[in-house]
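Just structure.cif here, mmCIF, C-alpha atoms:
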```cif
data_work
loop_
_atom_site.label_atom_id
_atom_site.label_comp_id
_atom_site.auth_asym_id
_atom_site.auth_seq_id
_atom_site.Cartn_x
_atom_site.Cartn_y
_atom_site.Cartn_z
CA PHE F 1 120.55 136.65 53.55
CA LYS F 2 122.75 136.96 56.62
CA GLU F 3 121.37 134.72 59.36
CA SER F 4 122.98 136.50 62.29
CA ASN F 5 124.87 139.74 62.95
CA LEU F 6 126.84 139.69 66.20
CA VAL F 7 129.19 142.28 67.65
CA GLU F 8 131.80 140.96 70.09
CA VAL F 9 134.00 143.31 72.12
CA ALA F 10 136.92 142.03 74.19
CA ASN F 11 137.25 144.19 77.30
CA ARG F 12 140.69 143.47 78.74
CA LYS F 13 140.32 145.87 81.67
CA TYR F 14 137.39 143.93 83.11
CA ASN F 15 138.21 140.55 81.52
CA GLU F 16 134.91 140.52 79.66
CA ALA F 17 133.63 139.46 76.26
CA ASP F 18 130.57 141.53 75.38
CA LEU F 19 128.15 139.98 72.87
CA SER F 20 125.46 142.10 71.21
CA ASP F 21 123.33 141.32 68.17
CA LEU F 22 122.19 143.58 65.32
CA ASN F 23 119.53 141.50 63.66
CA ASP F 24 117.04 142.96 61.15
CA TYR F 25 118.25 146.50 61.77
CA TYR F 26 117.35 148.87 58.93
CA SER F 27 119.95 151.59 58.43
CA GLY F 28 118.27 153.41 55.56
CA MET F 29 121.36 152.97 53.38
CA SER F 30 121.17 152.31 49.66
CA ASN F 31 123.34 149.19 49.92
CA TYR F 32 120.77 146.52 49.20
CA LEU F 33 122.55 144.64 46.42
CA ASN F 34 121.50 141.38 44.77
CA GLY F 35 119.00 140.67 47.53
CA GLU F 36 121.60 140.98 50.27
CA TYR F 37 122.66 143.72 52.67
CA ASP F 38 126.33 144.70 52.67
CA ILE F 39 127.28 143.61 56.18
CA ASP F 40 130.43 145.77 56.33
CA ALA F 41 128.39 148.86 55.53
CA VAL F 42 125.80 147.94 58.17
CA TYR F 43 128.50 147.58 60.86
CA ASN F 44 130.26 150.79 59.82
CA PHE F 45 126.98 152.69 59.80
CA PHE F 46 125.98 151.28 63.18
CA PHE F 47 129.23 152.11 64.93
CA LYS F 48 129.27 155.62 63.49
CA LEU F 49 125.66 156.03 64.53
CA MET F 50 126.54 155.08 68.09
CA TYR F 51 129.66 157.32 68.19
CA ILE F 52 131.77 154.51 69.62
CA GLN F 53 133.99 153.50 66.71
CA LYS F 54 136.77 155.87 67.84
CA TYR F 55 137.25 153.89 71.05
CA TYR F 56 138.17 150.68 69.25
CA LYS F 57 141.09 150.84 66.83
CA ASN F 58 141.14 147.08 66.13
CA ASN F 59 137.81 146.44 64.40
CA TYR F 60 137.46 143.33 62.25
CA ASN F 61 134.70 141.53 60.39
CA VAL F 62 134.37 137.75 60.41
CA GLU F 63 131.79 135.73 58.47
CA ILE F 64 131.13 132.01 58.45
CA ASP F 65 128.55 130.02 56.47
CA PHE F 66 126.33 127.20 57.71
CA ASN F 67 128.79 124.44 56.79
CA GLY F 68 131.68 126.26 58.41
CA PHE F 69 129.59 126.89 61.53
CA MET F 70 128.80 123.18 61.87
CA GLU F 71 132.42 122.18 61.27
CA ALA F 72 133.67 124.71 63.82
CA ILE F 73 131.29 123.39 66.49
CA ASP F 74 132.35 119.80 65.75
CA ALA F 75 136.03 120.82 65.81
CA ILE F 76 135.71 122.03 69.41
CA GLY F 77 133.83 118.88 70.43
CA GLY F 78 130.30 120.27 70.51
CA VAL F 79 128.67 122.77 72.87
CA GLU F 80 126.59 122.21 75.98
CA ILE F 81 123.20 123.91 75.70
CA GLU F 82 120.23 123.77 78.07
CA LEU F 83 117.06 123.14 76.08
CA THR F 84 113.45 123.76 77.02
CA SER F 85 110.88 121.05 76.32
CA ALA F 86 109.58 123.07 73.36
CA GLU F 87 113.07 123.45 71.88
CA ALA F 88 113.93 119.77 72.31
CA ASN F 89 110.63 118.63 70.79
CA TYR F 90 110.97 121.03 67.86
CA LEU F 91 114.52 119.91 67.11
CA ASN F 92 113.65 116.23 67.37
CA LYS F 93 110.71 116.65 64.97
CA ARG F 94 111.89 119.31 62.53
CA GLY F 95 115.47 120.28 63.17
CA ASN F 96 117.39 117.26 61.90
CA TRP F 97 120.22 118.48 59.69
CA ASP F 98 122.22 115.23 59.97
CA ILE F 99 121.31 114.27 56.42
CA GLU F 100 124.49 112.32 55.75
CA GLU F 101 124.44 110.55 59.09
CA ASN F 102 120.68 109.94 58.80
CA LYS F 103 120.39 109.72 62.56
CA HIS F 104 117.33 110.42 64.67
CA TRP F 105 117.91 113.04 67.30
CA ASN F 106 116.82 112.24 70.83
CA LEU F 107 117.37 115.54 72.58
CA LYS F 108 115.88 116.08 76.03
CA LYS F 109 114.80 118.99 78.20
CA GLY F 110 117.84 120.19 80.15
CA LYS F 111 121.52 120.14 79.27
CA ASN F 112 122.51 118.52 75.98
CA LEU F 113 125.85 118.29 74.18
CA LEU F 114 124.98 119.54 70.69
CA ASN F 115 127.06 118.71 67.64
CA GLY F 116 127.47 121.15 64.76
CA SER F 117 124.27 120.34 62.91
CA GLN F 118 122.23 120.34 66.13
CA ALA F 119 123.73 123.66 67.26
CA LEU F 120 122.92 125.20 63.87
CA ALA F 121 119.34 123.98 63.99
CA TYR F 122 119.01 125.29 67.56
CA SER F 123 120.39 128.68 66.50
CA ARG F 124 117.78 129.00 63.76
CA ILE F 125 114.65 128.21 65.80
CA ARG F 126 112.10 131.00 65.77
CA LYS F 127 108.71 129.43 64.94
CA ILE F 128 108.05 128.32 68.51
CA ASP F 129 108.44 131.86 69.87
CA SER F 130 110.06 134.89 68.21
CA ASP F 131 112.98 136.27 66.24
CA PHE F 132 114.32 137.92 69.38
CA ARG F 133 114.46 134.51 71.07
CA ARG F 134 116.27 133.18 68.00
CA THR F 135 119.00 135.82 68.35
CA GLU F 136 119.19 134.99 72.06
CA ARG F 137 119.83 131.36 71.12
CA GLN F 138 122.60 132.46 68.79
CA ARG F 139 124.27 134.37 71.62
CA THR F 140 123.79 131.31 73.83
CA VAL F 141 125.75 129.19 71.34
CA MET F 142 128.54 131.79 71.14
CA THR F 143 128.71 131.92 74.92
CA ALA F 144 128.90 128.12 75.07
CA LEU F 145 131.75 128.22 72.52
CA LEU F 146 133.70 130.64 74.72
CA GLU F 147 133.02 128.48 77.77
CA LYS F 148 134.38 125.46 75.88
CA ALA F 149 137.44 127.45 74.78
CA LYS F 150 138.27 128.08 78.45
CA THR F 151 139.14 124.40 78.83
CA LEU F 152 141.69 124.35 75.99
CA ASP F 153 145.45 124.67 76.39
CA VAL F 154 147.84 126.50 74.04
CA THR F 155 148.37 123.52 71.75
CA GLU F 156 144.64 122.85 71.47
CA ILE F 157 143.90 126.53 70.75
CA TYR F 158 146.57 126.57 68.03
CA THR F 159 145.18 123.40 66.43
CA LEU F 160 141.59 124.68 66.61
CA VAL F 161 142.41 128.05 65.06
CA LYS F 162 144.39 126.44 62.22
CA LYS F 163 141.39 124.22 61.50
CA ILE F 164 138.77 126.98 61.62
CA VAL F 165 140.57 129.78 59.74
CA PRO F 166 139.94 128.29 56.25
CA MET F 167 136.18 128.33 56.99
CA LEU F 168 136.12 132.10 57.58
CA ALA F 169 135.61 135.10 55.33
CA THR F 170 137.41 137.91 57.15
CA ASP F 171 139.58 140.99 56.78
CA MET F 172 142.06 139.45 59.25
CA SER F 173 145.04 137.37 58.20
CA ALA F 174 145.53 133.84 59.53
CA ASN F 175 148.45 135.08 61.64
CA GLN F 176 146.36 137.91 63.10
CA ILE F 177 143.64 135.47 64.13
CA LEU F 178 146.14 133.07 65.67
CA ASN F 179 148.02 135.82 67.52
CA LEU F 180 144.75 137.29 68.82
CA ALA F 181 143.59 133.87 70.04
CA LEU F 182 146.89 133.22 71.82
CA ASP F 183 146.93 136.77 73.20
CA MET F 184 143.52 136.21 74.79
CA LEU F 185 144.45 132.80 76.22
CA PRO F 186 145.62 134.13 79.63
CA MET F 187 142.25 135.84 80.20
CA LEU F 188 140.09 132.93 79.05
CA SER F 189 139.95 131.00 82.32
CA GLU F 190 138.43 133.96 84.19
CA LEU F 191 136.53 135.43 81.23
CA ASN F 192 133.08 136.82 82.02
CA VAL F 193 130.72 136.75 79.03
CA VAL F 194 128.12 139.55 78.90
CA SER F 195 125.27 138.95 76.45
CA GLN F 196 122.59 141.44 75.47
CA ARG F 197 120.15 142.24 72.70
CA ILE F 198 120.20 145.59 71.00
CA PRO F 199 117.96 147.43 70.65
CA MET F 200 116.41 146.82 74.05
CA ASP F 201 112.69 146.40 74.76
CA GLY F 202 110.78 149.59 74.09
CA LYS F 203 113.66 151.16 72.13
CA TYR F 204 112.68 150.27 68.56
CA SER F 205 109.77 150.18 66.14
CA TYR F 206 108.77 147.74 63.43
CA ALA F 207 108.52 148.84 59.81
CA ASN F 208 108.06 147.29 56.38
CA LYS F 209 110.86 148.03 53.91
CA ASN F 210 110.71 146.54 50.44
CA GLY F 211 108.36 143.84 51.69
CA ALA F 212 110.59 142.88 54.62
CA SER F 213 109.82 143.36 58.31
CA VAL F 214 112.68 145.37 59.85
CA ILE F 215 113.54 147.28 63.02
CA THR F 216 113.94 151.05 62.98
CA LEU F 217 115.27 153.36 65.67
CA SER F 218 114.19 156.90 66.41
CA SER F 219 116.80 159.47 67.49
CA ALA F 220 115.76 158.87 71.11
CA ASP F 221 116.10 155.08 70.61
CA VAL F 222 119.59 155.55 69.14
CA GLU F 223 120.69 157.59 72.13
CA ALA F 224 119.33 154.98 74.58
CA VAL F 225 121.13 152.16 72.75
CA ARG F 226 124.33 154.20 72.53
CA LYS F 227 124.30 154.82 76.29
CA LEU F 228 123.80 151.11 76.98
CA LEU F 229 126.71 150.16 74.72
CA MET F 230 128.95 152.82 76.23
CA LYS F 231 128.11 151.49 79.69
CA THR F 232 128.66 147.88 78.64
CA MET F 233 132.00 148.68 77.03
CA GLU F 234 133.03 150.90 79.96
CA VAL F 235 133.53 153.92 77.69
CA LYS F 236 133.33 157.29 79.46
#
```

Write the structure described by the file as structure tokens, please.
Amino acid sequence: FKESNLVEVANRKYNEADLSDLNDYYSGMSNYLNGEYDIDAVYNFFFKLMYIQKYYKNNYNVEIDFNGFMEAIDAIGGVEIELTSAEANYLNKRGNWDIEENKHWNLKKGKNLLNGSQALAYSRIRKIDSDFRRTERQRTVMTALLEKAKTLDVTEIYTLVKKIVPMLATDMSANQILNLALDMLPMLSELNVVSQRIPMDGKYSYANKNGASVITLSSADVEAVRKLLMKTMEVK
């Protein structure tokens, strides 16, 4: 199953990167194949549902597996994440993915520099609170990645992209990814990252579909989410 579904929109006009998540959203489509939802179909359905796909001509899908995620985090030198006491204790007791290194984690409350395996474990925490908090952690990691990218120069960006591209499953070519990364470089230093969960509180319902707990949206919920996205993306 897909662990996380994130939508990222680069807003050049306001120098923003808008992060929104689409976790456990049930579209009602008959695309449940081999125990896995077709992520492209989910995105296409979602954007059509929200009537915003026409505003963005350059839409791409990027997927990365657990190993690639860990390698990407390590390639950038780790990410700085502020942990709560509960998160640090949980990771120290149950989140150790450093099987090969066989090291004991000694994470503390407050800011910690997480390596790839620690960032992955952090991103997957949900037992201490909720699935919504888990998706918030995933956006936190992505925000930390963007913050780290701000400190890189052209040569470092080029080297990082060349290293990460083979880990991705995407409809973009390696040159497209590199050109996009270099194109965004001038805006990185002043980039403002906007993170939000969709649907918002009070704008969804829980349902059971094929034995799985999913989120459904009424027509009124869809309209509320659409308006929020339009506002976030500065679409009139």

Using the chain letters and numbers from the file, which residues does the PyMOL selection byres ((chain F and resi 149-163) around 9) grab, as a CSV table (one decimal) with C-alpha atoms, keeping the file's coordinate frame?
```
chain,number,residue,atom,x,y,z
F,72,ALA,CA,133.7,124.7,63.8
F,75,ALA,CA,136.0,120.8,65.8
F,76,ILE,CA,135.7,122.0,69.4
F,144,ALA,CA,128.9,128.1,75.1
F,145,LEU,CA,131.8,128.2,72.5
F,146,LEU,CA,133.7,130.6,74.7
F,147,GLU,CA,133.0,128.5,77.8
F,148,LYS,CA,134.4,125.5,75.9
F,164,ILE,CA,138.8,127.0,61.6
F,165,VAL,CA,140.6,129.8,59.7
F,166,PRO,CA,139.9,128.3,56.2
F,167,MET,CA,136.2,128.3,57.0
F,174,ALA,CA,145.5,133.8,59.5
F,177,ILE,CA,143.6,135.5,64.1
F,178,LEU,CA,146.1,133.1,65.7
F,181,ALA,CA,143.6,133.9,70.0
F,182,LEU,CA,146.9,133.2,71.8
F,185,LEU,CA,144.4,132.8,76.2
F,187,MET,CA,142.2,135.8,80.2
F,188,LEU,CA,140.1,132.9,79.0
F,189,SER,CA,140.0,131.0,82.3
F,190,GLU,CA,138.4,134.0,84.2
F,191,LEU,CA,136.5,135.4,81.2
```

Subject >> the PyMOL selection byres ((chain F and resi 77-79) around 10) resolved against shown file, as a VMD selection string >> reply: chain F and resid 70 to 76 80 to 82 111 to 119 140 to 148

Using C-alpha atoms, can you export the residues from the last selection as a PDB file, in the coordinates of the input?
```
ATOM      1  CA  MET F  70     128.800 123.180  61.870  1.00  0.00           C
ATOM      2  CA  GLU F  71     132.420 122.180  61.270  1.00  0.00           C
ATOM      3  CA  ALA F  72     133.670 124.710  63.820  1.00  0.00           C
ATOM      4  CA  ILE F  73     131.290 123.390  66.490  1.00  0.00           C
ATOM      5  CA  ASP F  74     132.350 119.800  65.750  1.00  0.00           C
ATOM      6  CA  ALA F  75     136.030 120.820  65.810  1.00  0.00           C
ATOM      7  CA  ILE F  76     135.710 122.030  69.410  1.00  0.00           C
ATOM      8  CA  GLU F  80     126.590 122.210  75.980  1.00  0.00           C
ATOM      9  CA  ILE F  81     123.200 123.910  75.700  1.00  0.00           C
ATOM     10  CA  GLU F  82     120.230 123.770  78.070  1.00  0.00           C
ATOM     11  CA  LYS F 111     121.520 120.140  79.270  1.00  0.00           C
ATOM     12  CA  ASN F 112     122.510 118.520  75.980  1.00  0.00           C
ATOM     13  CA  LEU F 113     125.850 118.290  74.180  1.00  0.00           C
ATOM     14  CA  LEU F 114     124.980 119.540  70.690  1.00  0.00           C
ATOM     15  CA  ASN F 115     127.060 118.710  67.640  1.00  0.00           C
ATOM     16  CA  GLY F 116     127.470 121.150  64.760  1.00  0.00           C
ATOM     17  CA  SER F 117     124.270 120.340  62.910  1.00  0.00           C
ATOM     18  CA  GLN F 118     122.230 120.340  66.130  1.00  0.00           C
ATOM     19  CA  ALA F 119     123.730 123.660  67.260  1.00  0.00           C
ATOM     20  CA  THR F 140     123.790 131.310  73.830  1.00  0.00           C
ATOM     21  CA  VAL F 141     125.750 129.190  71.340  1.00  0.00           C
ATOM     22  CA  MET F 142     128.540 131.790  71.140  1.00  0.00           C
ATOM     23  CA  THR F 143     128.710 131.920  74.920  1.00  0.00           C
ATOM     24  CA  ALA F 144     128.900 128.120  75.070  1.00  0.00           C
ATOM     25  CA  LEU F 145     131.750 128.220  72.520  1.00  0.00           C
ATOM     26  CA  LEU F 146     133.700 130.640  74.720  1.00  0.00           C
ATOM     27  CA  GLU F 147     133.020 128.480  77.770  1.00  0.00           C
ATOM     28  CA  LYS F 148     134.380 125.460  75.880  1.00  0.00           C
TER      29      LYS F 148
END
```

Edge lengths and centre, in Å to one decimal, as lines of an AutoDock Vina configuration file: that's what I need for the box along x, y and z that holds all listed atoms of range 104-119 of chain F plus 4 Å on each side.
```
center_x = 121.1
center_y = 117.0
center_z = 71.5
size_x = 20.7
size_y = 21.2
size_z = 25.2
```

**OP:** Any chance you could resolve the PyMOL selection byres ((chain F and resi 85-91) around 9) against this file and give the residues as a VMD selection string?
**Re:** chain F and resid 83 to 84 92 to 96 105 to 110 118 121 to 122 125 128

Original post:
So how far away is CA of Phe69 in chain F from CA of Arg139 in chain F, in Å?
Top reply: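 A separation of 13.6 Å between them.
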
**OP:** Could you tell me how far CA of Val193 in chain F lies from CA of Lys231 in chain F, in Å and to one decimal?
**Re:** 15.0 Å

Original post:
To one decimal place, how far is CA of Ile64 in chain F from CA of Met200 in chain F in Å?
Top reply: 26.1 Å

**OP:** Quick one: everything within 12 Å of Ala224 in chain F, counting only C-alpha atoms, minus sequence neighbours fewer than 2 positions away in the same chain. Send it as a PyMOL selection string.
**Re:** chain F and resi 49-50+198-204+217-222+226-231
